[in-house]
Structures are given as C-alpha cells and as structure tokens.
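Below: the structure, in structure tokens.
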Amino acid sequence: MEELKQGYRLLVLMVVITGMVSANTSCCSYPCQNGGVCMTAGMEGFHCDCTGTDFYGTLCDTPTFMKRIKLWLKPSPDTTHYLLTHYNWLWDRVNSIDFLRNAVMKKVYTMRSDMIDSPPTYTSDHTYITLDANYNQTYYIRTLPPVPSNCPTPMGVWGKKEMPDVDRIIKKFFVRKELIPEPMGTSALFSFFAQHFTHQFFKTDIKKGPQYQWGGHGVDVSHIYGRDKDAEGKLRSFKDGKLKVQIIDGEEFPPLEKDAPVGMIYPPGTPDNRRFAIGQQVFGLLPGLFMYATIWLREHNRVCDILKAEHPEWDDERLYQTGKLVILGETIKIVIEDYVQHLSHYNYKLLFNPELLFGEPFQYQNRITVEFNHLYHWHPLMPSEFNISGTTYNLREFVYHPEIVLKHGMHDFVDSLSKQRAGQFGPFNHGPLTIPVVTELLKQGRQLRLQPYNQYRKKFNLPPYKTFEDLTGNKELAKALEEEYQDINAVEFYVGLIMEKRRYKSVFGSSIVEMGGPYSVKGLMSNPICSPKYWKPSTFGGDVGFDIINTATLKKLFCSNIKGDCPVVSFEVPDYLRGDDLHDEL
C-alpha cells in the first residue's frame with residue numbers, strides 16, 4: 001500500500017514540475033484514492049474531495065483512526081473466499097443453527113449492498129455528478145465515471161495513444177479452437193439460466209446508443225410476462241389468471257405468435273408453427289431459453305390453480321396479479337439459493353430471507369449499471385455442441401430451433417442439459433457464433449470510455465494487479481497481453497475479466513465474484529417484494545402463496561411442471577458423468 005501511495009505522489013509531482021498535462025487533464029491519472037473525487041483546481045492543479053470516505057490527505061490515502069482499525073480487522077476478499085470454501089465442519093454447524101446462518105446472511109446482504117452507490121451518481125455522458133444520473137432512467141448508470149475525453153491516452157495516462165485493434169485482440173485471446181470445459185462441472189442448464197434470468201434487466205437501446213436502456217432496472221419478470229401492458233394482454237388468457245398455452249404431444253407450450261402477436265424476433269422465413277410468443281422478444285431463438293420460458297409459463301398457471309382453489313371468490317385479474325408476485329418471489333429465491341450458491345461454491349448455504357434487512361438503513365431501489373451489463377457477457381459458457389438424448393447438434397443446428405425441445409420432450413431436454421458440461425469462462429473459449437457479440441462489446445466499452453480494469457479492482461476493494469502475469473497466472477499469456485497494452489493499468493474492462501486467472505473453487509476470477517456479488521445482492525434484495533410493506537403472506541394470496549415462495553427450488557420448479565418421473569435437474573453435472581480432467585484445484 002505504501003509503495004502505491006509513493007507511486008501516485010511521484011506521478012502527481014511529475015505533473016506539477018514538468019507541466020506535462022494541463023488542468024483539464026490533471027485527473028487523468030485517477031490520483032484520488034479510496035473513493036475520493038478528483039476536481040480540477042484552476043489551470044494547473046487538482047483537488048481530491050475525501051468527503052464520506054473515512055480517508056484524508058492530498059490523495060485521500062490516509063485512513064482515519066477508526067478506519068485504520070476496521071481495515072486491520074477486516075479480512076481481504078481472498079481470505080474471506082478461502083474461509084467460505086474450506087472448513088466444512090464449521091459451516092455444517094453454522095448451516096444447522098438458524099440464528100448463526102441468519103447472522104452470516106445478514107452480513108452478506110449489508111456488506112455487498114453497501115458497495116453499490118445509492119442514489120446513482122454517474123452516467124456515460126458526464127464525468128461528474130448530474131441530476132440525470134438519478135432522474136433519467138433511460139440511462140444505464142455508471143459505477144465509475146467515463147475516462148475524460150481529453151486525456152493523454154484512452155485509458156487516462158497509461159498505455160498506448162491508440163487502443164489495440166479489436167479484431168486482433170479477439171483473434172489473439174478470445175477465439176475457441178476447441179471447447180475448454182468448465183472445470184467446476186457447471187452444466188449447460190446453468191448457462192441458459194444465466195442468460196434467461198439477466199435478459200429481464202439488461203435491455204440495451206442499441207438505436208440510441210450503448211449507454212441507454214429501455215427496461216425497468218430490476219428483477220421484474222418482464223421476460224415472462226412481456227415488456228409492457230400491451231404485450232402482457234396478448235399473452236394472457238383472461239381466464240383464471242392464466243397465460244395462454246397450446247398443447248403439443250400432451251405438454252403445455254407457449255402460444256404461437258399468430259395467436260399472441262407480441263412482436264417476436266425470428267430469422268426471415270421462420271415458419272408460423274415455429275414462431276412462439278414469449279415475454280422476451282428473442283427467447284424463441286435458442287432452445288435453452290425457450291425451455292425456461294415454457295417452464296415459467298407452466299409454473300404461473302400451476303400457481304394460479306392453487307390460488308383459485310384457495311380463493312374461489314377471486315376474479316381473473318387478482319389471480320393473475322397475485323400469481324405474478326409469487327413467480328417473482330420464486331425467481332429471487334431460486335437465484336440466491338441455487339444459482340448464486342453454485343457460483344460461489346461456498347460451504348455456507350446462502351439464504352433468501354428479506355426479514356433480515358428489516359430495520360436496517362436499506363434503500364429499496366436499484367439501477368442497472370453499464371459495467372454490470374458488460375461483466376455479464378458469459379458467452380464462453382456456451383458449449384460448441386449439444387447432446388440431447390443421444391442426438392448431437394452443433395451450434396448452427398441448435399440456434400433458431402426451439403422445436404428441438406418439442407422433438408425430445410421437456411423431460412429429456414432438461415435431463416440432457418443437466419448432464420452436459422458448460423464451457424469455461426476465460427481466454428480462447430468464445431465460440432464462432434458469439435464472436436460478433438463480444439467484438440461489438442469491446443467497441444462499446446471503448447465508446448463508453450470505461451476506466452481501466454485496475455480502477456474497478458480498487459473500487460471493489462481488490463488490490464490492483466501489478467504485472468500481467470499477476471493478472472493471467474500464465475507467462476505466455478502475460479507476454480502476449482503486454483505486447484498489446486504495454487501497461488497493466490491500461491488493460492480494458494472486459495479483456496481483464498476474460499484474462500484473469502480463475503479463483504480456487506470458483507467458476508470465475510476474483511473480480512467477477514467481488515464485482516458481480518454487490519450488483520446482484522443489491523438488485524435482488526432491493527426488489528419491492530423484499531420490503532416490509534410487501535413481504536407478508538397477504539401479498540401472495542395468504543400462507544399458501546407465501547409457502548410456494550419459501551419452499552421454491554430449481555428442482556421443484558422443473559419437477560412440478562414436467563409429467564412423469566423428474567429428470568436430473570442440476571447446475572452441476574452429476575459426479576458419475578464428470579471427466580477425469582475435473583478437479584477443484586483448477
């Protein structure tokens with residue numbers, strides 16, 4: 001830490017003595033530490049505003065006495081991760097004692113949520129705080145402001161005058177030659193859940209620009225029910241609160257677009273009998289997304305049947321609206337206790353319990369950041385081919401063919417995805433169909449002037465990487481990356497995420513876990529149903545609806561909506577199907 005402070009002081013001194021940058025570029029080296037805000041001061045200097053940081057000094061680099069004690073007592077993120085992924089005997093004990101498990105989860109909620117600024121502060125159009133950041137909800141907000149446009153280099157003061165060629169970066173570090181399987185045994189069922197879940201709040205308005213979005217900034221289950229009231233109305237049956245369905249081979253599936261014209265996106269020439277109507281416009285393009293859309297549709301109608309039996313006096317509208325609330329509650333519980341649990345691989349069992357935040361100074365509002373959107377581009381998890389009940393489909397045979405689910409039936413399709421390894425998140429593992437997506441992502445990151453990767457590491461209390469080998473854990477990769485970026489502080493955001501070495505017992509590197517965790521916890525627990533005004537049995541149709549939420553699991557979701565025996569339902573491939581190359585030390 002002292003070495004870092006001296007480095008920044010030396011850089012500032014050089015600026016002052018040599019006059020090599022003007023006042024307008026004096027903040028380009030991000031001299032203010034620990035959340036301090038850099039402001040230009042006249043034509044030849046800058047000032048760091050340390051207000052509210054618990055640090056002081058020219059660069060906000062000196063902690064107050066109480067902050068020094070807190071820092072001394074607080075374990076590092078890597079130490080915390082180690083503790084949570086070891087000592088099974090301890091966590092078995094904690095998991096079995098309610099007040100201990102609740103205490104740990106409350107700390108997870110508060111510590112993660114406190115890392116997200118609320119109210120929002122920055123947008124992509126300004127490097128300083130504006131009212132637009134709070135009131136203009138068409139913006140994705142920013143965790144860190146953009147790099148000032150007149151800095152010496154695109155990354156501030158580090159790196160080359162021009163960014164490395166995007167196509168060269170993609171070919172050099174991203175392209176998959178052969179699938180690299182996910183080392184922790186993550187299944188293809190998981191990768192499609194991630195894609196399905198996040199498309200309800202990542203809704204970039206491409207026509208306006210990558211800094212704009214058209215969604216509701218949160219978990220609103222619009223990917224199930226439609227983007228607006230008009231789409232909702234077209235998907236509803238207006239009978240017993242249910243959504244429209246069609247019966248194919250004895251199973252319920254979404255209606256066709258001709259029967260629910262919600263404006264889906266399909267390739268030209270797609271026949272009418274394959275143009276399904278779903279809440280999200282693109283969910284008919286991939287069988288895995290179509291699968292989840294179908295399961296949640298069935299679950300909504302199942303819940304409505306339960307509510308109607310409990311409340312025969314309720315009309316269609318109340319059954320529909322209450323069913324939607326129950327589905328939202330189930331979604332959040334499954335995300336925390338199944339999805340995030342798998343991502344963390346903690347021995348501690350995560351818990352969805354909104355009551356733990358009652359009485360805490362917690363704000364029930366959320367805004368989606370552009371960095372969270374970029375961080376969630378997990379396309380390497382997509383395999384190169386899919387084996388469904390013994391039939392192998394390459395990606396080109398799989399994409400745009402939702403009828404594959406109908407052909408094999410929901411049971412066998414789910415079973416097959418649960419038994420197939422996803423790809424590893426990391427270098428050399430983007431498939432040919434996702435290369436255009438990631439190419440556009442890198443271009444957008446540069447257009448949005450995202451700050452260097454190390455700046456985000458510091459924002460989320462992670463030590464900045466000092467060398468390329470420290471980042472990658474591989475000498476050859478480090479050398480190749482240094483050729484392109486010259487300085488470790490010039491590595492751009494998404495490239496850093498891809499190139500970072502994987503954390504022990506984790507699907508990702510430390511940065512995705514430590515950045516994604518706060519975004520996720522704040523986004524989930526700030527949902528209105530988690531607030532004291534909503535979180536009560538009467539909101540969900542009484543004890544029967546409340547119980548559906550509180551007992552929800554991924555396995556129950558599928559098994560309750562598939563006829564006959566339950567298939568394998570798992571975010572991890574079963575042990576007996578894992579290859580010899582699968583071991584936790586990777």
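By order of appearance in the structure tokens: chains A, B, ..., then residues from 1 within every chain, and ligands from 1 in the order shown.
Within 10 Å of range 280-282 of chain A there are His196, His199, Gln200, Val221, Ser222, His223, Ile224, Tyr225, Gly226, Arg227, Ala231, Val262, Gly263, Met264, Ile265, Tyr266, Phe276, Leu286, Leu289, Phe290, Ala293 and Tyr400 of chain A, counting only C-alpha atoms and ignoring same-chain residues fewer than 4 positions away.
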Distance query range 476-490 of chain A at most 10 Å, only C-alpha atoms, self and fewer than 4 positions along chain excluded, as number ranges by chain: A: 153-160, 162-165, 168-169, 172-173, 427, 451-455, 464-472, 495-496, 499
Residues flagged strand (DSSP E or B) by DSSP in range 51-255 of chain A, as a ChimeraX atom specification: /A:55-56,62-63,122,139,141-142,153,156,175,181,186-187,204,212-213,236,243,246-248,251-253
Range 562-579 of chain A environment, 6 Å, only C-alpha atoms, sequence neighbours closer than 4 positions dropped, as a list in words: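 Using only C-alpha atoms, the neighbours found are Gly185, Thr186, Ser187, Leu189, Phe190, His411, Asp415, Ser418, Lys419 and Lys555 of chain A.
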Quick one: residues within 10 Å of Leu375 in chain A, only C-alpha atoms, excluding same-chain residues fewer than 5 positions away - as a CSV table (one decimal) with N, CA and C atoms, in the first residue's frame?
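Saved result, selection.csv, follows:
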```csv
chain,number,residue,atom,x,y,z
A,369,THR,N,-26.2,-0.9,-13.9
A,369,THR,CA,-25.0,-0.2,-14.4
A,369,THR,C,-24.5,-0.8,-15.7
A,370,VAL,N,-23.9,0.0,-16.5
A,370,VAL,CA,-23.3,-0.5,-17.8
A,370,VAL,C,-22.2,-1.5,-17.5
A,493,PHE,N,-11.7,-3.2,-19.5
A,493,PHE,CA,-12.5,-3.9,-18.5
A,493,PHE,C,-12.8,-5.3,-18.9
A,494,TYR,N,-13.5,-5.6,-20.1
A,494,TYR,CA,-13.9,-6.9,-20.4
A,494,TYR,C,-12.7,-7.8,-20.7
A,497,LEU,N,-11.5,-9.1,-17.4
A,497,LEU,CA,-12.3,-10.2,-16.9
A,497,LEU,C,-12.1,-11.5,-17.6
A,498,ILE,N,-11.9,-11.5,-18.9
A,498,ILE,CA,-11.6,-12.7,-19.6
A,498,ILE,C,-10.2,-13.3,-19.3
A,511,SER,N,-12.4,-11.0,-9.7
A,511,SER,CA,-13.1,-9.7,-10.0
A,511,SER,C,-14.5,-9.9,-10.3
A,512,ILE,N,-14.9,-10.9,-11.1
A,512,ILE,CA,-16.3,-11.1,-11.4
A,512,ILE,C,-17.1,-11.4,-10.1
A,515,MET,N,-17.1,-8.1,-7.9
A,515,MET,CA,-17.9,-7.0,-8.5
A,515,MET,C,-19.4,-7.5,-8.7
A,516,GLY,N,-19.6,-8.7,-9.2
A,516,GLY,CA,-20.9,-9.2,-9.5
A,516,GLY,C,-21.7,-9.4,-8.3
```
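You can rank A:Gly545, A:Pro148, A:Gly241, A:Gly279 by their closest distance to Cys27 in chain A using only C-alpha atoms, and at the top of that list sits A:Pro148.
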Computed interatomic separation between CA of Ile529 in chain A and CA of Gly542 in chain A (Å):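 Interatomic distance, CA of Ile529 in chain A to CA of Gly542 in chain A: 14.3 Å.
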Secondary structure check, alpha helix (DSSP H) residues of range 36-140 of chain A, as a PyMOL selection string: chain A and resi 65-73+77-85+88-96+98-113+132-135
Write the selection just made, keeping C-alpha atoms, as a compact mmCIF listing (two decimals), in the first residue's frame?
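The resulting again.txt:
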```txt
# COMPACT_ATOMS: atom_id res chain seq x y z
CA PHE A 65 -8.05 6.16 13.25
CA MET A 66 -11.32 4.20 13.28
CA LYS A 67 -10.96 3.30 9.61
CA ARG A 68 -7.46 2.03 10.26
CA ILE A 69 -8.81 -0.31 12.94
CA LYS A 70 -11.61 -1.53 10.63
CA LEU A 71 -9.13 -2.21 7.83
CA TRP A 72 -6.88 -4.09 10.21
CA LEU A 73 -9.76 -6.29 11.43
CA PRO A 77 -11.78 -10.72 -0.20
CA ASP A 78 -9.46 -13.64 -0.99
CA THR A 79 -9.21 -14.58 2.69
CA THR A 80 -12.99 -14.43 3.03
CA HIS A 81 -13.39 -16.64 -0.03
CA TYR A 82 -10.90 -19.13 1.41
CA LEU A 83 -12.76 -19.30 4.72
CA LEU A 84 -16.11 -19.83 2.97
CA THR A 85 -14.81 -22.58 0.69
CA ASN A 88 -16.74 -27.90 6.01
CA TRP A 89 -17.19 -28.95 9.63
CA LEU A 90 -17.59 -25.32 10.72
CA TRP A 91 -20.08 -24.39 8.01
CA ASP A 92 -22.11 -27.55 8.56
CA ARG A 93 -22.54 -26.35 12.11
CA VAL A 94 -23.44 -22.79 11.07
CA ASN A 95 -25.91 -24.03 8.45
CA SER A 96 -27.72 -26.14 11.05
CA ASP A 98 -30.77 -20.76 12.37
CA PHE A 99 -29.56 -17.70 14.28
CA LEU A 100 -25.97 -18.25 13.10
CA ARG A 101 -26.99 -18.81 9.49
CA ASN A 102 -29.21 -15.71 9.62
CA ALA A 103 -26.43 -13.62 11.14
CA VAL A 104 -24.00 -14.56 8.38
CA MET A 105 -26.57 -13.90 5.65
CA LYS A 106 -27.48 -10.53 7.09
CA LYS A 107 -23.82 -9.57 6.93
CA VAL A 108 -23.66 -10.75 3.30
CA TYR A 109 -26.70 -8.63 2.42
CA THR A 110 -25.44 -5.46 4.07
CA MET A 111 -21.75 -5.66 3.12
CA ARG A 112 -22.46 -6.44 -0.53
CA SER A 113 -25.26 -3.88 -0.90
CA ASP A 132 -29.74 12.96 -14.99
CA ALA A 133 -27.99 10.08 -13.25
CA ASN A 134 -30.90 9.88 -10.82
CA TYR A 135 -33.93 11.01 -12.80
```
Gln363 in chain A surroundings by only C-alpha atoms, 9 Å radius, close-in-sequence under 3 positions cut, as a ChimeraX atom specification: /A:118-119,366,526
Separation of CA of Arg457 in chain A from CA of Tyr339 in chain A, in Å and rounded to one decimal: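 We find that CA of Arg457 in chain A and CA of Tyr339 in chain A lie 23.9 Å from each other.
Going from CA of His300 in chain A to CA of Glu251 in chain A covers 15.0 Å.
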Pick from A:Leu357, A:Ala194, A:Ile435, A:Ile170, whichever lies nearest to Tyr376 in chain A using only C-alpha atoms: A:Ala194
Proximity to Gln137 in chain A - best of A:Pro254, A:Arg302, A:Ile368, A:Asp61, only C-alpha atoms: A:Ile368
Pick from A:Gly509, A:Pro120, A:Pro532, A:Gly431, whichever lies nearest to Phe362 in chain A using only C-alpha atoms: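 Nearest to Phe362 in chain A: A:Pro532.
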Residue with smallest distance to Leu297 in chain A - pool A:Tyr140, A:Phe413, A:Phe460, A:Phe253, counting only C-alpha atoms: A:Phe253
7 Å contact set for Phe174 in chain A, only C-alpha atoms, chain neighbours under 5 positions out, as a list of chain:residue names: A:Pro427, A:Phe428, A:Asn429, A:His430
Residue nearest Ile248 in chain A among A:Val166, A:Met410, A:Val219, A:Ile129 (counting only C-alpha atoms):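 For Ile248 in chain A, the nearest of the given residues is A:Met410.
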